[in-house]
Structures are given as structure tokens and as C-alpha cells.
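Chemist: Submitted below is the structure of interest, expressed as C-alpha cells.
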Amino acid sequence: MSDTFINPQDFIEAALGIPFTKGNRISVLKNGDEIFPEMLEAIETSKKSILFETYVYWRGNIAETFATALAKKAEEGVSVRVLLDAYGSSRMDKRLIERISDAGGKVRLFRPLRWRFWDFDKRTHRKILICDQRIGFTGGVGIAAEWEGDARNPSEWRETHFKFEGKSVQGLSGAFWNNWIDIDGEYIPDSISGSPSHSEGDSLVLVVRSSPATHQSEMELVFECLLTLAKSSITLTTPYFNIGEKTIELLRRKAQEGVEIEILIPGEHIDKSIELLVAEESMKPLLEAGITIRRYTRTMIHSKIIRIDDDIACVGSPNFNQRSRKKDFEVAAIIIDRNTSKVLDDHYARDVEFGNKMNPQNIKKASLWRKARRKATLLFREQL
């Protein structure tokens, strides 16, 4: 890369072809104890419309609470649309869907098995809540018992979610309608279109949505753009880590340029053990390049955050893996804001207190059986 100074905003806009919006206010919400009350309050205070899309909607008190809140607003005459991924919500109690539908809300399943079976593998992984076009949420949270609480033990997951106010809400709204129209065929109603309320915030936000792609998707371009931009630091937190040779080489090159790179992934409490195996296939060359990788030991960490240099963050639904890059519908927000970045850095500093640092020997000393299982994951790593 040339040593010529690059303005981050100009670089990202040129690479993605999407402008940043100004004047946004962002709230960083940590764990279910902060996330769910904010989302439920936004639902409760909605007067006109609620748009809700999620991948996981399973079980627990929070599943009941959300269904009751959505049904209540539908009964009050608020326009309620709920889009659930058919696979991710397959374990959901169908009585909750009926509760919302019977109250007048519209509930749709995204790509059930009977629907164009060749597209069943392409899921919506987006997590979006928009209330009255004023407030939007995205991040990693699902509606299930494991997201409740404050990450105090392995039954309470560590999560980060985000509340947006300002014009960035329009980008989240567009991501919802992109999938809703695909399934329902409905036109966007005039009654809920329009601009969000003005925000006095200071954050620049660019919302990008990604669809499945055979080669490079929008999300893969986002990741490459941000890593290329980094001058001093890259901090990456992801529940599922599965990258290709091109990204490995880009990270190694940034490390050689003097960029300090840290990666935080789950440890023994990961919900899918196969994900650790595929992650280990990428670790060895990164560790040898001087990149710090830690495994979180307190509980399952499900936060999805990329931090670049002093004031750039990328948050939303995508994991740093192959499914998010090529298979799933995702939505992410690139944020340029020093205050938001500082909050995320403070959270990361506390998270790494529970992070076991990896070294190349951890990978080399694995049993022959574990090494064989790691190699076997390469046969279907694009599904992970």
C-alpha cells in the first residue's frame, strides 16, 4: 500500500459505493440484561410500525416476553411484521407465532425447506429490529434463553448489540425489506416509509447488507476493505473464525507492516465444537506472524466486532467465517466514532481478562485424532 494518507471515510465509501450518514447516535448494549430491556422498551413505545427479523428464536422466558410484547402492539393497531429464519427458528414454540398472528401481526418464515429447496442453504442471519422508523437495532443477539443474563456463567452468553438513532436506521430498514419482499411479495407500504427522526449524535454510520454469493460477497469486500485500511491496530471478536488463504495473507501482511492484531474467539464453552476445529486450521500461520489469538473462557462469546485504529468499528450480524461471507444474508454497520470505539475497547479489555493466549505449540501438540478431525473440516468448511 502507498504511504499516502488515506481518509478512512473516503476510502470506505469509494470501496463500497455507499455513503456514510451523519448525525447518528449509537448505544452499545452489553449482554442480555442491557440488550433486551432496550429492545422491549422500543417495542412498547412504538406507535406506528415494528419490523423484526432474526435468525434464532427458540425458547425461554425471553421468547415468551417478545411474543407477548409484539402481540400486544399488534392488538393496539401497530403494524407488526416478523421475519424468522425457518432453520434458525425451527425449535420455536409454534404457539408463539400463533399468538402474534392471532393479534393481527404478520409473521413469515424465511425459506422453509419446501420453498425452492436449492436455496434452503442460503439463510437470513440478519438481526434487525426497527420501531417507527426512529430506532433500529442490530448485532448478534438471538431470542433465546442463552442470551438472558449478564454472562456470569456458561449458561449466559457474552453478547454485544447496538441501538441506532438517526438516518442509519434507513439502512437497517432497507435490509429488512430486502428479505421481506423476497418472501412475502408485499409492496413497501406508504404508511411506514419515510425518514427517521433527527438525531443529535456525532457518529458516521454506513450500513451494508450482504447476500449469498458464489465468489466475493459484499461482506467479504467489507472485511477486506477494513483490514486494508488499518494503520496501527486491528481487534477482532467473533464467535466463529473460519477464513481463507487470501485473508490469512492479508492479516500476515498487516502484521509485518507493524499493525498490532488481536483476535478473540470462544474457548471450551463454544456451542459448536466443530467451529473450534476449523478455526485452528487458520491459527498457526497467524500465530507465527505474531498475531495474538485468545480463547474466551468464562462462557460462550457471541459478539461480532471489528475494531480498526482509533475510531472505526464494524458491527452487526456477520461472523468472521465462510458462511457469513458467502452463504447467508447479513447486515453490518461501519461506524466512525471515537466514543463508540472507546466503549468497545473498554469492553474488549475486560473480555481478554478471561482470554487464554494461544501459541503455535498449542496447535502443533494436538493429538493425531484432533489433527485428523481438523483436516476433515476442510471438506465442508464453506458451510461453517
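Residues in the C-alpha cells are named by chain (A, B, ... in the order shown) and by number from 1 within that chain; ligands are numbered from 1 in the order shown.
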Residues at most 7 Å from A:Lys48, counting only C-alpha atoms, excluding those fewer than 2 positions away in the same chain, as a VMD selection string?
Modeler: chain A and resid 46 78 to 79 132
Chemist: Per residue of stretch 286-347 of chain A within 12 Å of stretch 54-58 of chain A, which atom pair is closest and at what distance in Å (one decimal), using only C-alpha atoms, listed by chain and increasing number, as CSV?
Modeler:
```
residue,atom,partner,partner_atom,distance
A:Gly316,CA,A:Thr54,CA,12.0
A:Ser317,CA,A:Tyr55,CA,9.6
A:Pro318,CA,A:Tyr55,CA,11.6
A:Asp328,CA,A:Tyr55,CA,10.3
A:Phe329,CA,A:Tyr55,CA,10.1
A:Glu330,CA,A:Tyr55,CA,10.2
A:Val331,CA,A:Thr54,CA,11.2
```
Chemist: Could you pull the residues within 7 Å of stretch 73-76 of chain A, counting only C-alpha atoms, minus those fewer than 5 positions along the same chain, as a list in words?
Modeler: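 Final neighbour list, sorted by chain and number: Ala103, Gly104 and Gly105 of chain A.
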Chemist: Counting only C-alpha atoms, which residue out of A:Phe20, A:Phe137, A:Tyr87, A:Trp147 sits closest to A:Lys167?
Modeler: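 Closest to A:Lys167, using only C-alpha atoms: A:Phe20.
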Chemist: Counting only C-alpha atoms, figure out which residue out of A:Ala144, A:Leu206, A:Ile130, A:Leu29 gets nearest to A:Ala313.
Modeler: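 Of all the options, A:Leu206 lies closest to A:Ala313.
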Chemist: Using DSSP on the backbone coordinates, identify all residues within stretch 238-319 of chain A classified as strand (DSSP E or B); present the result as a PyMOL selection string.
Modeler: chain A and resi 241+260-266+292-296+301+305-308+312-316
Chemist: What are the DSSP alpha helix (DSSP H) residues of stretch 73-277 of chain A, as a PyMOL selection string?
Modeler: chain A and resi 73-75+94-102+168-184+218-229+245-256+273-277
Chemist: Using only C-alpha atoms, which residue out of A:Ser324, A:Asp311, A:Arg158, A:Pro360 lies closest to A:Lys342?
Modeler: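 The closest residue to A:Lys342 is A:Asp311.
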Chemist: Using only C-alpha atoms, which residue out of A:Ser210, A:Ser303, A:Thr340, A:Asn7 lies closest to A:Thr237?
Modeler: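 Of all the options, A:Ser303 lies closest to A:Thr237.
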Chemist: Could you give me, as a list in words, the residues within 10 Å of A:Ala42, counting only C-alpha atoms and dropping anything in the same chain fewer than 6 positions from it?
Modeler: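 Near A:Ala42, the qualifying residues are Phe36, Ile50, Leu129, Ile130, Cys131, Asp132, Arg134, Ile135, Gly136, Phe137 and Lys163 of chain A.
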Chemist: Go ahead and dump the residues you just picked, N, CA and C atoms, as a CSV table (one decimal), in the first residue's frame.
Modeler:
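Dumped to selection35.csv:
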```
chain,number,residue,atom,x,y,z
A,36,PHE,N,-32.0,-6.7,26.1
A,36,PHE,CA,-33.5,-7.0,26.0
A,36,PHE,C,-34.3,-5.8,26.5
A,50,ILE,N,-43.5,-1.8,13.5
A,50,ILE,CA,-42.4,-2.6,14.1
A,50,ILE,C,-42.0,-3.6,13.0
A,129,LEU,N,-34.2,-5.0,14.4
A,129,LEU,CA,-35.5,-4.5,14.9
A,129,LEU,C,-35.6,-3.0,14.7
A,130,ILE,N,-36.7,-2.6,14.1
A,130,ILE,CA,-36.9,-1.2,13.7
A,130,ILE,C,-38.3,-0.8,14.3
A,131,CYS,N,-38.3,0.3,15.0
A,131,CYS,CA,-39.5,0.7,15.6
A,131,CYS,C,-39.8,2.2,15.2
A,132,ASP,N,-41.0,2.3,14.5
A,132,ASP,CA,-41.4,3.6,14.0
A,132,ASP,C,-40.4,4.3,13.1
A,134,ARG,N,-37.7,5.1,13.7
A,134,ARG,CA,-36.9,6.0,14.5
A,134,ARG,C,-35.7,5.4,15.2
A,135,ILE,N,-35.9,4.2,15.6
A,135,ILE,CA,-34.9,3.4,16.4
A,135,ILE,C,-34.6,2.1,15.7
A,136,GLY,N,-33.4,1.8,15.5
A,136,GLY,CA,-33.0,0.5,15.0
A,136,GLY,C,-32.0,-0.2,15.8
A,137,PHE,N,-32.1,-1.6,15.8
A,137,PHE,CA,-31.1,-2.4,16.5
A,137,PHE,C,-30.5,-3.4,15.5
A,163,LYS,N,-27.9,-0.1,19.4
A,163,LYS,CA,-29.1,0.7,19.2
A,163,LYS,C,-28.7,1.9,18.4
```
Chemist: Any idea what's packed within 10 Å of stretch 180-184 of chain A, counting only C-alpha atoms, ignoring anything in its chain fewer than 5 positions away? Could you give it as a PyMOL selection string?
Modeler: chain A and resi 51+53+81-84+106-111+115+174-175
Chemist: Might you pull out every residue within 7 Å of A:Arg295, with only C-alpha atoms counted and same-chain residues fewer than 5 positions away left off, and present them as a PDB file with C-alpha atoms, in the first residue's frame?
Modeler:
```
ATOM      1  CA  LEU A 264     -10.709 -13.153  20.493  1.00  0.00           C
ATOM      2  CA  ILE A 265     -12.727 -16.321  19.883  1.00  0.00           C
ATOM      3  CA  PRO A 266     -14.637 -18.745  22.136  1.00  0.00           C
ATOM      4  CA  GLY A 267     -12.944 -21.438  24.159  1.00  0.00           C
ATOM      5  CA  GLY A 355      -8.874 -14.964  27.451  1.00  0.00           C
ATOM      6  CA  ASN A 356      -6.266 -17.725  27.289  1.00  0.00           C
ATOM      7  CA  LYS A 357      -3.494 -16.714  24.918  1.00  0.00           C
TER       8      LYS A 357
END
```
